[in-house]
Every structure is written in C-alpha cells, then in structure tokens.
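Chemist: Structure: model31.cif, mmCIF, C-alpha atoms and all ligand atoms.
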```
data_final
#
loop_
_atom_site.label_atom_id
_atom_site.label_comp_id
_atom_site.auth_asym_id
_atom_site.auth_seq_id
_atom_site.Cartn_x
_atom_site.Cartn_y
_atom_site.Cartn_z
CA MET A 1 150.94 120.55 145.18
CA ALA A 2 147.77 118.63 146.01
CA GLU A 3 146.22 116.58 143.26
CA VAL A 4 142.91 117.07 141.50
CA LEU A 5 141.05 114.16 139.89
CA PRO A 6 142.02 113.55 136.25
CA ALA A 7 138.43 114.21 135.05
CA PHE A 8 138.92 117.89 135.93
CA VAL A 9 142.25 118.33 134.21
CA LEU A 10 142.14 120.30 130.97
CA PRO A 11 144.20 119.65 127.87
CA SER A 12 147.22 121.94 128.17
CA GLU A 13 146.07 124.36 125.43
CA HIS A 14 142.88 125.15 127.36
CA ARG A 15 144.38 125.71 130.79
CA PRO A 16 143.85 129.16 132.25
CA GLY A 17 147.40 130.52 131.93
CA GLN A 18 148.24 134.09 132.81
CA VAL A 19 145.72 136.79 131.93
CA ASN A 20 147.06 140.30 132.27
CA SER A 21 144.58 142.07 130.12
CA THR A 22 142.77 144.87 131.90
CA ASP A 23 139.03 145.02 131.92
CA GLY A 24 137.76 147.26 129.12
CA ILE A 25 134.27 145.89 129.41
CA PRO A 26 131.76 148.75 129.38
CA VAL A 27 129.95 149.68 132.60
CA ILE A 28 126.57 151.22 131.89
CA ASP A 29 124.98 153.37 134.56
CA LEU A 30 121.19 153.08 134.67
CA LYS A 31 120.88 155.74 137.37
CA GLY A 32 117.71 157.74 137.11
CA TRP A 33 115.93 154.95 135.37
CA HIS A 34 112.24 154.92 136.24
CA TRP A 35 112.27 151.40 137.54
CA GLU A 36 108.87 151.58 139.09
CA ALA A 37 107.17 152.92 135.97
CA ALA A 38 106.08 150.59 133.24
CA GLU A 39 106.98 153.12 130.60
CA TRP A 40 110.19 154.79 129.49
CA PRO A 41 111.61 157.72 131.39
CA GLN A 42 110.40 161.09 130.22
CA ASP A 43 113.85 162.19 129.24
CA ARG A 44 114.19 160.97 125.70
CA SER A 45 117.82 161.85 125.20
CA TYR A 46 118.75 160.03 128.41
CA ARG A 47 116.99 156.92 127.19
CA GLU A 48 118.63 157.21 123.78
CA SER A 49 122.02 157.48 125.38
CA ILE A 50 121.47 154.26 127.34
CA VAL A 51 120.21 152.47 124.25
CA ARG A 52 123.27 153.63 122.31
CA GLN A 53 125.67 152.50 125.03
CA ILE A 54 124.00 149.11 125.21
CA GLY A 55 124.04 148.72 121.43
CA ASP A 56 127.73 149.64 121.23
CA ALA A 57 128.67 147.30 124.07
CA ALA A 58 126.61 144.46 122.61
CA GLN A 59 128.31 144.87 119.27
CA GLU A 60 131.88 145.43 120.43
CA TRP A 61 131.99 143.10 123.41
CA GLY A 62 128.83 141.03 123.66
CA PHE A 63 129.34 141.73 127.38
CA PHE A 64 128.71 144.72 129.62
CA GLN A 65 128.03 145.52 133.27
CA ILE A 66 125.07 147.49 134.57
CA VAL A 67 125.09 149.52 137.76
CA ASN A 68 122.25 151.33 139.55
CA HIS A 69 120.02 148.57 138.25
CA GLY A 70 117.34 148.92 140.90
CA VAL A 71 117.45 145.37 142.35
CA SER A 72 117.47 145.60 146.13
CA GLN A 73 120.58 144.68 148.06
CA ARG A 74 118.48 142.72 150.53
CA VAL A 75 117.27 140.37 147.78
CA LEU A 76 120.86 139.82 146.64
CA ASP A 77 122.18 139.28 150.17
CA GLU A 78 119.46 136.77 150.98
CA VAL A 79 120.00 134.61 147.92
CA GLU A 80 123.74 134.61 148.49
CA SER A 81 123.59 133.69 152.16
CA SER A 82 121.00 130.93 151.57
CA ALA A 83 123.08 129.54 148.70
CA ARG A 84 126.24 129.52 150.80
CA GLU A 85 124.40 127.69 153.58
CA PHE A 86 123.08 125.16 151.08
CA PHE A 87 126.48 124.48 149.48
CA ASP A 88 127.93 124.07 152.98
CA LEU A 89 125.65 121.09 153.70
CA ASP A 90 126.95 117.53 153.50
CA LEU A 91 127.04 116.06 150.03
CA GLU A 92 124.47 113.49 151.04
CA GLU A 93 122.03 116.23 152.01
CA LYS A 94 122.61 118.20 148.80
CA ARG A 95 122.16 115.09 146.70
CA LYS A 96 118.59 114.74 147.97
CA VAL A 97 117.78 117.35 145.32
CA THR A 98 120.11 116.10 142.61
CA ARG A 99 119.39 116.95 139.05
CA THR A 100 118.62 113.91 136.89
CA ALA A 101 118.73 113.02 133.20
CA ASP A 102 114.97 113.70 132.94
CA ASN A 103 114.75 116.80 135.06
CA ALA A 104 117.55 119.35 134.68
CA MET A 105 116.68 121.26 137.87
CA GLY A 106 118.39 120.82 141.22
CA TYR A 107 121.87 120.23 142.55
CA PHE A 108 124.76 118.96 140.44
CA ASP A 109 128.51 118.70 140.96
CA MET A 110 129.56 116.75 137.92
CA GLU A 111 128.85 119.10 135.01
CA LEU A 112 130.91 118.85 131.87
CA THR A 113 131.67 121.80 129.63
CA LYS A 114 133.50 120.83 126.44
CA ASN A 115 133.58 117.28 127.82
CA VAL A 116 135.83 118.16 130.80
CA ARG A 117 134.51 118.31 134.35
CA ASP A 118 134.05 121.82 135.77
CA TRP A 119 135.43 122.74 139.19
CA LYS A 120 132.09 123.83 140.60
CA GLU A 121 128.86 122.88 142.30
CA VAL A 122 125.58 124.25 140.96
CA TYR A 123 121.94 124.46 141.89
CA ASP A 124 119.50 125.24 139.07
CA TYR A 125 115.87 126.33 139.26
CA LEU A 126 113.24 127.70 136.92
CA ALA A 127 111.78 131.13 137.57
CA CYS A 128 108.38 129.72 136.52
CA GLU A 129 108.64 126.60 138.76
CA ARG A 130 107.91 124.00 136.04
CA ALA A 131 107.94 123.89 132.24
CA GLU A 132 107.35 121.25 129.60
CA ILE A 133 110.41 121.05 127.40
CA ALA A 134 109.15 118.22 125.21
CA PRO A 135 106.04 116.07 125.16
CA LYS A 136 106.01 114.16 128.44
CA GLN A 137 109.22 115.82 129.66
CA VAL A 138 108.67 118.35 132.39
CA PHE A 139 111.40 120.26 134.17
CA ALA A 140 110.31 121.11 137.70
CA ASN A 141 112.07 122.73 140.63
CA LYS A 142 113.43 120.55 143.43
CA TRP A 143 113.59 122.64 146.56
CA PRO A 144 115.78 121.53 149.46
CA SER A 145 114.24 121.69 152.92
CA ASN A 146 117.50 123.17 154.19
CA PRO A 147 118.11 126.02 154.73
CA PRO A 148 114.42 126.80 155.33
CA GLU A 149 114.56 130.27 153.78
CA PHE A 150 116.26 129.01 150.59
CA ARG A 151 113.17 128.76 148.42
CA ASP A 152 111.80 132.22 149.27
CA ALA A 153 115.21 133.81 148.76
CA CYS A 154 115.52 132.16 145.34
CA LYS A 155 112.00 133.10 144.29
CA ASN A 156 112.52 136.74 145.31
CA TYR A 157 115.77 136.83 143.37
CA SER A 158 114.32 135.39 140.17
CA ALA A 159 111.26 137.66 140.31
CA ALA A 160 113.40 140.79 140.68
CA MET A 161 115.85 139.65 138.01
CA GLU A 162 113.18 138.72 135.47
CA ALA A 163 111.63 142.17 135.79
CA LEU A 164 115.05 143.70 135.18
CA ALA A 165 115.79 141.32 132.32
CA PHE A 166 112.64 142.45 130.47
CA LYS A 167 113.92 146.02 130.72
CA VAL A 168 117.37 145.09 129.47
CA LEU A 169 115.84 143.05 126.64
CA GLU A 170 113.79 146.08 125.60
CA LEU A 171 116.92 148.23 125.52
CA VAL A 172 118.80 145.62 123.47
CA VAL A 173 115.91 145.20 121.01
CA GLU A 174 115.49 148.96 120.66
CA SER A 175 119.21 149.29 119.98
CA LEU A 176 118.68 147.00 116.99
CA GLY A 177 116.17 149.52 115.59
CA ALA A 178 113.13 147.35 116.36
CA PRO A 179 110.19 148.30 118.61
CA ALA A 180 111.43 147.84 122.18
CA LYS A 181 108.80 145.29 123.13
CA ALA A 182 109.02 143.29 119.89
CA LEU A 183 110.27 140.13 121.60
CA ASN A 184 108.54 140.45 124.98
CA GLU A 185 105.68 138.08 124.23
CA HIS A 186 108.09 135.14 123.89
CA PHE A 187 109.36 135.71 127.42
CA VAL A 188 106.01 135.85 129.18
CA GLY A 189 105.77 132.49 130.97
CA GLY A 190 109.24 131.79 129.58
CA SER A 191 111.81 129.22 130.61
CA THR A 192 114.23 131.49 132.48
CA ARG A 193 116.57 129.43 134.62
CA VAL A 194 118.66 130.61 137.53
CA ARG A 195 121.91 128.97 138.50
CA LEU A 196 123.64 129.25 141.83
CA ASN A 197 127.33 128.57 141.21
CA PHE A 198 129.76 127.69 143.97
CA TYR A 199 133.42 127.46 142.99
CA ARG A 200 135.42 126.00 145.84
CA LYS A 201 139.02 127.01 146.26
CA CYS A 202 141.17 124.57 144.35
CA PRO A 203 144.60 123.06 145.06
CA SER A 204 145.60 123.25 141.37
CA PRO A 205 143.82 126.22 139.80
CA ASP A 206 146.26 126.18 136.88
CA LEU A 207 145.02 122.77 135.67
CA VAL A 208 141.25 123.25 135.82
CA LEU A 209 138.49 125.72 135.11
CA GLY A 210 135.37 126.53 137.12
CA VAL A 211 133.57 126.57 133.78
CA SER A 212 135.40 125.81 130.58
CA ARG A 213 135.05 128.17 127.64
CA HIS A 214 131.46 128.27 126.41
CA LYS A 215 128.71 130.54 125.10
CA ASP A 216 125.36 130.89 126.84
CA GLY A 217 122.51 129.42 124.82
CA CYS A 218 119.77 131.69 126.19
CA ALA A 219 118.77 135.21 125.06
CA LEU A 220 120.55 137.26 127.74
CA THR A 221 122.44 136.36 130.90
CA LEU A 222 122.43 138.66 133.94
CA LEU A 223 124.97 137.60 136.55
CA ALA A 224 125.49 138.68 140.13
CA GLN A 225 128.79 137.73 141.73
CA ASP A 226 130.77 138.25 144.89
CA GLU A 227 134.05 140.20 145.01
CA VAL A 228 136.40 137.26 144.36
CA GLY A 229 136.41 137.39 140.56
CA GLY A 230 137.26 134.72 137.99
CA LEU A 231 134.97 135.38 135.03
CA GLN A 232 136.90 135.94 131.80
CA VAL A 233 135.64 136.95 128.36
CA LYS A 234 137.23 136.32 124.97
CA SER A 235 137.72 139.78 123.50
CA LYS A 236 136.38 140.24 119.96
CA ARG A 237 139.15 142.76 119.33
CA ASN A 238 142.15 140.51 119.77
CA ASP A 239 140.91 137.09 120.78
CA GLN A 240 142.57 137.46 124.21
CA TRP A 241 140.97 136.51 127.49
CA VAL A 242 139.96 139.55 129.53
CA GLN A 243 139.09 139.53 133.23
CA VAL A 244 135.69 140.90 134.17
CA LYS A 245 136.03 143.16 137.16
CA ALA A 246 134.08 141.59 140.03
CA ARG A 247 131.67 144.20 141.33
CA ARG A 248 129.05 143.49 143.93
CA ASP A 249 127.13 146.56 142.83
CA ALA A 250 126.87 145.42 139.20
CA PHE A 251 125.37 142.69 137.08
CA ALA A 252 127.46 141.35 134.25
CA VAL A 253 125.21 141.02 131.21
CA ASN A 254 126.02 138.97 128.15
CA ILE A 255 124.43 138.38 124.79
CA GLY A 256 123.30 134.77 124.40
CA ASP A 257 122.91 132.64 121.30
CA LEU A 258 119.24 133.53 120.76
CA ILE A 259 119.93 137.28 120.56
CA GLN A 260 122.70 136.45 118.09
CA VAL A 261 120.04 134.85 115.89
CA TRP A 262 117.36 137.53 116.47
CA SER A 263 119.93 140.26 115.69
CA ASN A 264 120.95 138.37 112.54
CA GLY A 265 124.50 138.16 113.83
CA LYS A 266 124.92 141.85 114.62
CA TYR A 267 125.36 140.99 118.29
CA GLN A 268 127.39 137.88 118.96
CA SER A 269 127.26 135.49 121.85
CA ILE A 270 130.78 135.60 123.24
CA GLU A 271 132.90 132.85 124.69
CA HIS A 272 133.61 133.12 128.38
CA ARG A 273 135.01 130.92 131.13
CA VAL A 274 135.66 130.92 134.85
CA VAL A 275 139.03 130.50 136.55
CA VAL A 276 139.26 129.38 140.15
CA ASN A 277 141.90 130.11 142.75
CA SER A 278 143.63 128.39 145.63
CA THR A 279 142.64 130.77 148.43
CA ARG A 280 138.96 131.71 148.22
CA ASP A 281 135.63 130.12 147.38
CA ARG A 282 133.57 132.10 144.88
CA PHE A 283 129.82 132.55 144.48
CA SER A 284 127.92 133.73 141.39
CA CYS A 285 124.29 133.49 140.34
CA PRO A 286 123.54 133.94 136.65
CA VAL A 287 119.99 134.33 135.38
CA PHE A 288 119.59 132.82 131.92
CA PHE A 289 116.74 134.90 130.52
CA SER A 290 114.97 132.59 128.11
CA PRO A 291 111.75 132.50 126.08
CA THR A 292 109.14 129.73 126.16
CA TYR A 293 110.54 126.42 124.93
CA ALA A 294 108.09 126.62 121.97
CA THR A 295 109.73 129.82 120.69
CA ASN A 296 111.31 129.74 117.26
CA ALA A 297 113.95 132.46 117.13
CA ALA A 298 114.70 133.88 113.69
CA PRO A 299 116.33 137.13 112.55
CA LEU A 300 114.01 140.11 113.28
CA PRO A 301 112.11 141.02 110.11
CA GLY A 302 113.34 144.63 110.16
CA LEU A 303 116.95 143.45 109.95
CA VAL A 304 116.51 141.24 106.92
CA ASN A 305 116.18 142.51 103.36
CA GLU A 306 117.60 141.90 99.89
CA ASN A 307 120.99 143.28 100.88
CA HIS A 308 120.99 141.66 104.29
CA PRO A 309 119.73 138.12 103.94
CA ALA A 310 118.93 136.03 106.99
CA LYS A 311 122.10 134.45 108.31
CA TYR A 312 120.34 131.89 110.50
CA LYS A 313 117.63 129.34 110.12
CA PRO A 314 114.94 129.49 112.78
CA VAL A 315 116.08 127.92 116.03
CA ASN A 316 113.55 126.16 118.20
CA TRP A 317 114.61 127.07 121.72
CA GLY A 318 113.35 123.89 123.43
CA GLU A 319 115.18 121.63 121.00
CA TYR A 320 118.33 123.70 121.08
CA TYR A 321 118.45 123.82 124.86
CA LYS A 322 117.82 120.10 125.14
CA MET A 323 120.67 119.29 122.76
CA ARG A 324 123.09 121.52 124.63
CA ARG A 325 122.03 120.26 128.01
CA ASP A 326 122.50 116.63 127.08
CA SER A 327 126.15 117.32 126.30
CA ASN A 328 126.62 119.05 129.69
CA PHE A 329 125.40 115.97 131.40
CA LYS A 330 127.52 113.28 129.85
CA ASN A 331 130.39 113.03 127.44
CA LEU A 332 128.70 112.20 124.14
CA GLY A 333 132.09 111.73 122.53
CA LYS A 334 131.65 114.63 120.11
CA PRO A 335 131.88 118.43 120.20
CA ASN A 336 129.02 120.33 121.87
CA VAL A 337 126.30 121.73 119.64
CA GLN A 338 126.79 125.44 118.85
CA ILE A 339 124.58 128.17 117.39
CA ASP A 340 126.76 128.29 114.29
CA ASN A 341 125.25 124.94 113.36
CA TRP A 342 122.14 126.96 112.42
CA ALA A 343 123.98 129.47 110.21
CA ILE A 344 123.09 129.64 106.54
CA ALA A 345 125.73 129.54 103.83
CA ILE A 346 125.58 132.82 101.90
CA ASP A 347 127.37 133.48 98.61
CA HIS A 348 129.60 130.50 99.08
CA ILE A 349 130.80 131.84 102.41
CA VAL A 350 130.00 129.12 104.85
CA LEU A 351 129.15 130.83 108.10
CA GLY A 352 128.55 127.56 109.80
CA HIS A 353 127.78 124.00 108.94
CA TYR A 354 124.12 123.36 109.37
CA ASN A 355 123.45 119.91 110.70
CA LYS A 356 127.11 119.07 111.06
CA THR A 357 129.04 119.12 114.26
CA MET A 358 131.41 122.02 114.55
CA PRO A 359 134.75 122.02 116.28
CA CYS A 360 134.42 123.62 119.71
C1 LIG B 401 127.72 130.20 133.46
C2 LIG B 401 128.83 131.18 133.58
C3 LIG B 401 130.09 132.66 134.97
C4 LIG B 401 130.44 132.93 136.39
O1 LIG B 401 127.30 129.68 134.53
O2 LIG B 401 127.26 129.99 132.32
O3 LIG B 401 129.35 131.59 132.58
O4 LIG B 401 131.11 133.93 136.62
N1 LIG B 401 129.16 131.61 134.81
O5 LIG B 401 130.08 132.14 137.27
NI NI B 402 128.11 131.25 130.85
#
```
I need this file expressed as structure tokens, please.
Modeler:
Amino acid sequence: MAEVLPAFVLPSEHRPGQVNSTDGIPVIDLKGWHWEAAEWPQDRSYRESIVRQIGDAAQEWGFFQIVNHGVSQRVLDEVESSAREFFDLDLEEKRKVTRTADNAMGYFDMELTKNVRDWKEVYDYLACERAEIAPKQVFANKWPSNPPEFRDACKNYSAAMEALAFKVLELVVESLGAPAKALNEHFVGGSTRVRLNFYRKCPSPDLVLGVSRHKDGCALTLLAQDEVGGLQVKSKRNDQWVQVKARRDAFAVNIGDLIQVWSNGKYQSIEHRVVVNSTRDRFSCPVFFSPTYATNAAPLPGLVNENHPAKYKPVNWGEYYKMRRDSNFKNLGKPNVQIDNWAIAIDHIVLGHYNKTMPC
C-alpha cells in the first residue's frame, strides 16, 4: 500500500475503522414552503409540523437533512464546477491565495483538527467579503483569478445559502419556544463563512481522516455535498459513528456551538468527522452561518428561570472563533478549545471546566 506522510496518520484509537450503522438521521421535507414570501406560509399546521420535526431532530441528533429547500440547482452546479476547476490547478497557482496567520480566508492544505493534519484542501471565504474580528485584524476574501467565474459562483452560492440559513434559524429558534426572529439581528452583516472542501482519494484511507472528529463552532452549518459520501456523525443514542447518506438534493444541517449556548444546552453541537476513500475524490461546501463577531451568545431569556438556570456563560463569538481557529492553524501542543469550557458548574455537577482546557 502506498504511504501517506506521518503528519496525516491518526493515533490508532481515532482511525476510521468500520462503520456499519445505517443512517437514521432525519430528512425534513420543506416542500410547499413559501420561499419567495418573507412571511410564514398560511398553513399554520404545516408550519408547526416542520418546526416540530426540526426541534425533534435538533434534540435527538443535532443533525438533519433538508430537501426541497428552494436553492436552485444551477447555483449549486456552478459553485461545484468552479471549485473543482480551482482545486485542479497547480499548487503554485492555488497558493497565490493562501490563507495566512492574519487572514483566515483563502486556500489552505495544511489544516489540523485535533492536532493531526486533515486529508483535504480547502478554500474559505466570507459571505460579507470582509469583517473585523479584532481591533486591527480584518479577515478579507482572497479571490483567485482562475477560474474566471469562481468569484461569481461563490457569491451566488453564499447569497442563496444565507437566505436559506435565516429561514432555518427561524425554525430552530421557534422550536425552542422563542419568537422565530429573536436571533436574526445578530446575523445581519454577520460573519458567515463558506468552505469549499476537496478530499482527494487517498492511498491509505484507513490511517487518516478528511476531517478529524470535531464540532462546528458557528450557530448552524448547512452543507451541500456530492454523491461520494464520507461524513459521519457521533450518535447521541449510542455514541457510535453513523454515516450521513450523501444526497445531492439535500443539505445536511447541524447544530453548532452557539445554538448549544442559546438553547441552554437543549440542542447540542454534535461531533462529526469525514472519512476518505481510495477510489474517488469528494467535494463538499459547508456554510457556517455565524453572527457578527461582536455577538455575545447567552442562553435565551425564555429558557432560563429559577428551575432552569443558565448552563453557559456568555460567549463572545469573535473571541471564541479566534481561539478555535488558531488551533486549526498550528499545533499549540494542547487540546483544542471547546464550548464546554464556557459551561457553568451547577449544584456541584461540573458541566465543563471554565477557563481550563478540556480533553478533546
Ligand atoms: C467541516 C465539516 C464535513 C464534510 O468542514 O467542518 O464537518 O462532509 N465538513 O465535508
Ligand atoms: Ni464540521
């Protein structure tokens, strides 16, 4: 068998192994949704049924797929074909738009998750083009000149996906019993980032992962993928890895760390990972729907009372993202920061260790 570089090789307990578990991840059909209208569909019971399905899926799985989502196939096809053309370029050409320590946007092929190198190439961009993450630190898009249609395809994709993400956010928030638009203001001019992921076929797929196990730090992730498959989710029911069925007609949606905090832990951000294979390249493009960097996420007021105290301290999104990103970039020699670091100890039950590093 051909060799892979040692930096990619996982400790044996984290290698992919055999996953037989069938996909029980809910598929929610949004057919009939009034996508063009700003307001809810007239049919109240239909809307309630979608909200219920989303709430159940968010609670039981932290993951679900949506079909009949209203995003045009042309937009999806264009972003995929431009991305494939870009990843096909020579390394030298791609590195003209390399992401740097100061600016997290652009091309990167050396990302670490849990301090091990992922078997993937990525290109990241902000839906809003540029955003100040900290005083004097601006993240700004780095567009390649090749292929020429790349930028427009990416911009059309992020615009369509952000519109959809607002709708999904409203459904999630409503399922928590809060007014549907309660969180929207934080996402206007937000820091949503899109990632184009290219997982090349690998000579030793049993030794590496496309992305090691991790949770997404954002509020919600919406992911389009091709038919190859490889995304796996850690089931809350039995702690087993479950394959997500790769569907071109669906977006996989997952709860991120910020919704975990806003929901006061009712919905959990779930660990997931990506396996690669020896025969086919794989493409996916997650949209990390994120508020402005200035946002402080804290449990929604309606969910906190005497009997249900806040389980999390407020999390400043800009600071949290910056901490997590730094550990993706280089091995800091310690475990990655996790949302449980913000959990509050209640009644002597320590839900997390605030300000201490947690084991991964
Ligand atoms: C990610 C991720 C999954 C996939 O990029 O955070 O989990 O299927 N990607 O590519
Ligand atoms: Ni992820």
Chemist: Between CA of Phe283 (chain A) and CA of Arg95 (chain A), what is the distance in Å, rounded to a tenth?
Modeler: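 Distance between the two atoms: 19.2 Å.
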Chemist: May I ask you to write as an MDAnalysis selection string all residues lying at most 7 Å from ligand NI 402 (chain B), with only C-alpha atoms and all ligand atoms counted?
Modeler: chainID A and resid 214:216 272:273
Chemist: What are the nearest atom pairs, with distances in Å to one decimal, for all residues of region 56-113 of chain A that come at most 8 Å from region 141-163 of chain A, using only C-alpha atoms, set out by chain and rising residue number as a Markdown table?
Modeler:
```
| residue | atom | partner | partner_atom | distance |
| --- | --- | --- | --- | --- |
| A:Val71 | CA | A:Ala160 | CA | 6.3 |
| A:Val75 | CA | A:Tyr157 | CA | 5.9 |
| A:Leu76 | CA | A:Tyr157 | CA | 6.7 |
| A:Glu78 | CA | A:Ala153 | CA | 5.6 |
| A:Val79 | CA | A:Ala153 | CA | 4.9 |
| A:Ser82 | CA | A:Phe150 | CA | 5.2 |
| A:Ala83 | CA | A:Phe150 | CA | 7.1 |
| A:Glu85 | CA | A:Pro147 | CA | 6.6 |
| A:Phe86 | CA | A:Pro147 | CA | 6.2 |
| A:Lys94 | CA | A:Pro144 | CA | 7.6 |
| A:Lys96 | CA | A:Pro144 | CA | 7.5 |
| A:Val97 | CA | A:Lys142 | CA | 5.7 |
| A:Met105 | CA | A:Asn141 | CA | 5.6 |
| A:Gly106 | CA | A:Lys142 | CA | 5.4 |
```
Chemist: Neighbouring residues of ligand LIG 401 (chain B) are defined here as those with any atom at most 7 Å from a ligand atom, counting all atoms listed in the file; list them as an MDAnalysis selection string.
Modeler: chainID A and resid 195 197 211 216 225 230:231 272:274 284:286
Chemist: How big is the axis-aligned box around the listed atoms of region 186-204 of chain A once 3 Å is added on each side, and where is its centre? Give both in Å to one decimal, as lines of an AutoDock Vina configuration file.
Modeler:
```
center_x = 125.7
center_y = 129.5
center_z = 135.1
size_x = 45.8
size_y = 18.8
size_z = 28.4
```
Chemist: Between A:Ser290, A:Gln260, A:Asn238, A:Thr279, single out the one closest to Thr192 (chain A), counting only C-alpha atoms.
Modeler: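 Closest to Thr192 (chain A), using only C-alpha atoms: A:Ser290.
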Chemist: Please provide the set of residues having any atom within 10 Å of Gln232 (chain A), restricted to only C-alpha atoms, with same-chain residues fewer than 6 positions apart removed, written as a PyMOL selection string.
Modeler: chain A and resi 16+19+21+23+213+240-245+271-275
Chemist: Between CA of Asn103 (chain A) and CA of Leu209 (chain A), what distance in Å does the model show, to one decimal?
Modeler: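 Between these atoms lies a distance of 25.4 Å.
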Chemist: Distance CA of Cys218 (chain A)-CA of Ser72 (chain A), one decimal place?
Modeler: 24.4 Å
Chemist: For Ile66 (chain A), which of A:Gln137, A:Asn184, A:Ser12, A:Asn254 is the closest residue, counting only C-alpha atoms?
Modeler: A:Asn254
Chemist: If we count all atoms listed in the file, what is near Ala178 (chain A) at a cut-off of 9 Å, once residues fewer than 3 positions away on the same chain are taken out, given as an mmCIF file with C-alpha atoms, keeping the file's coordinate frame?
Modeler:
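Printed below is selection_12.cif as written:
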```cif
data_model
loop_
_atom_site.group_PDB
_atom_site.id
_atom_site.type_symbol
_atom_site.label_atom_id
_atom_site.label_comp_id
_atom_site.auth_asym_id
_atom_site.auth_seq_id
_atom_site.Cartn_x
_atom_site.Cartn_y
_atom_site.Cartn_z
ATOM 1 C CA VAL A 173 115.910 145.200 121.010
ATOM 2 C CA GLU A 174 115.490 148.960 120.660
ATOM 3 C CA SER A 175 119.210 149.290 119.980
ATOM 4 C CA LYS A 181 108.800 145.290 123.130
ATOM 5 C CA ALA A 182 109.020 143.290 119.890
ATOM 6 C CA LEU A 300 114.010 140.110 113.280
ATOM 7 C CA PRO A 301 112.110 141.020 110.110
ATOM 8 C CA GLY A 302 113.340 144.630 110.160
ATOM 9 C CA LEU A 303 116.950 143.450 109.950
#
```
Chemist: Which residues of region 203-254 of chain A come within 10 Å of region 166-171 of chain A, and for each one, what is the closest pair of atoms and their distance in Å to one decimal, counting only C-alpha atoms, sorted by chain and residue number, as JSON lines?
Modeler:
```
{"residue": "A:Ala219", "atom": "CA", "partner": "A:Leu169", "partner_atom": "CA", "distance": 8.5}
{"residue": "A:Leu220", "atom": "CA", "partner": "A:Leu169", "partner_atom": "CA", "distance": 7.5}
{"residue": "A:Leu222", "atom": "CA", "partner": "A:Val168", "partner_atom": "CA", "distance": 9.3}
{"residue": "A:Val253", "atom": "CA", "partner": "A:Val168", "partner_atom": "CA", "distance": 9.0}
```
Chemist: For each of A:Thr98, A:Gln338, A:Gln73, A:Asn115, take the minimum atom-to-atom distance to Arg248 (chain A), counting all atoms listed in the file, then give the residue where this is smallest.
Modeler: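 Checking each candidate against Arg248 (chain A), we get A:Gln73 as the closest.
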Chemist: List the spatial neighbours of Gly190 (chain A) as number ranges by chain - criterion: any atom at most 8 Å away, only C-alpha atoms, same-chain residues fewer than 4 positions off excluded.
Modeler: A: 128, 186, 290-293
Chemist: Kindly export the residues of the current selection with C-alpha atoms, as a CSV table (one decimal), keeping the file's coordinate frame.
Modeler:
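After the write, again_34.csv holds the following:
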```
chain,number,residue,atom,x,y,z
A,128,CYS,CA,108.4,129.7,136.5
A,186,HIS,CA,108.1,135.1,123.9
A,290,SER,CA,115.0,132.6,128.1
A,291,PRO,CA,111.8,132.5,126.1
A,292,THR,CA,109.1,129.7,126.2
A,293,TYR,CA,110.5,126.4,124.9
```
Chemist: Can you work out which one of A:Phe251, A:Phe108, A:Phe139, A:Tyr267 has the shortest atom-to-atom distance to Lys322 (chain A), counting all atoms listed in the file?
Modeler: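 So, comparing all the options, the nearest one is A:Phe139.
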Chemist: Tell me which protein, DNA and RNA residues are within 8 Å of Lys201 (chain A), counting all atoms listed in the file, leaving out same-chain ones fewer than 6 positions away, and put them as a ChimeraX atom specification.
Modeler: /A:276-282
Chemist: Write out as a list in words each polymer residue whose atoms come within 7 Å of region 116-122 of chain A, counting all atoms listed in the file; drop sequence neighbours fewer than 4 positions from it.
Modeler: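 The residues that qualify are Ala7, Phe8, Leu10, Tyr107, Phe108, Asp109, Met110, Glu111, Leu112, Arg195, Leu196, Asn197, Phe198, Tyr199, Arg200, Val208, Leu209, Gly210, Val211 and Ser212 of chain A.
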Chemist: I'd like to know which of A:Asp340, A:Asp206, A:Asp326, A:Asp249 is closest to Asp29 (chain A), using only C-alpha atoms.
Modeler: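 Distance minimum relative to Asp29 (chain A) lands on A:Asp249.
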Chemist: Which one is closest to Val4 (chain A): A:Val194, A:Ala131, A:Leu207, A:Ala310? Count all atoms listed in the file.
Modeler: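 Ranked by minimum distance to Val4 (chain A), first place goes to A:Leu207.
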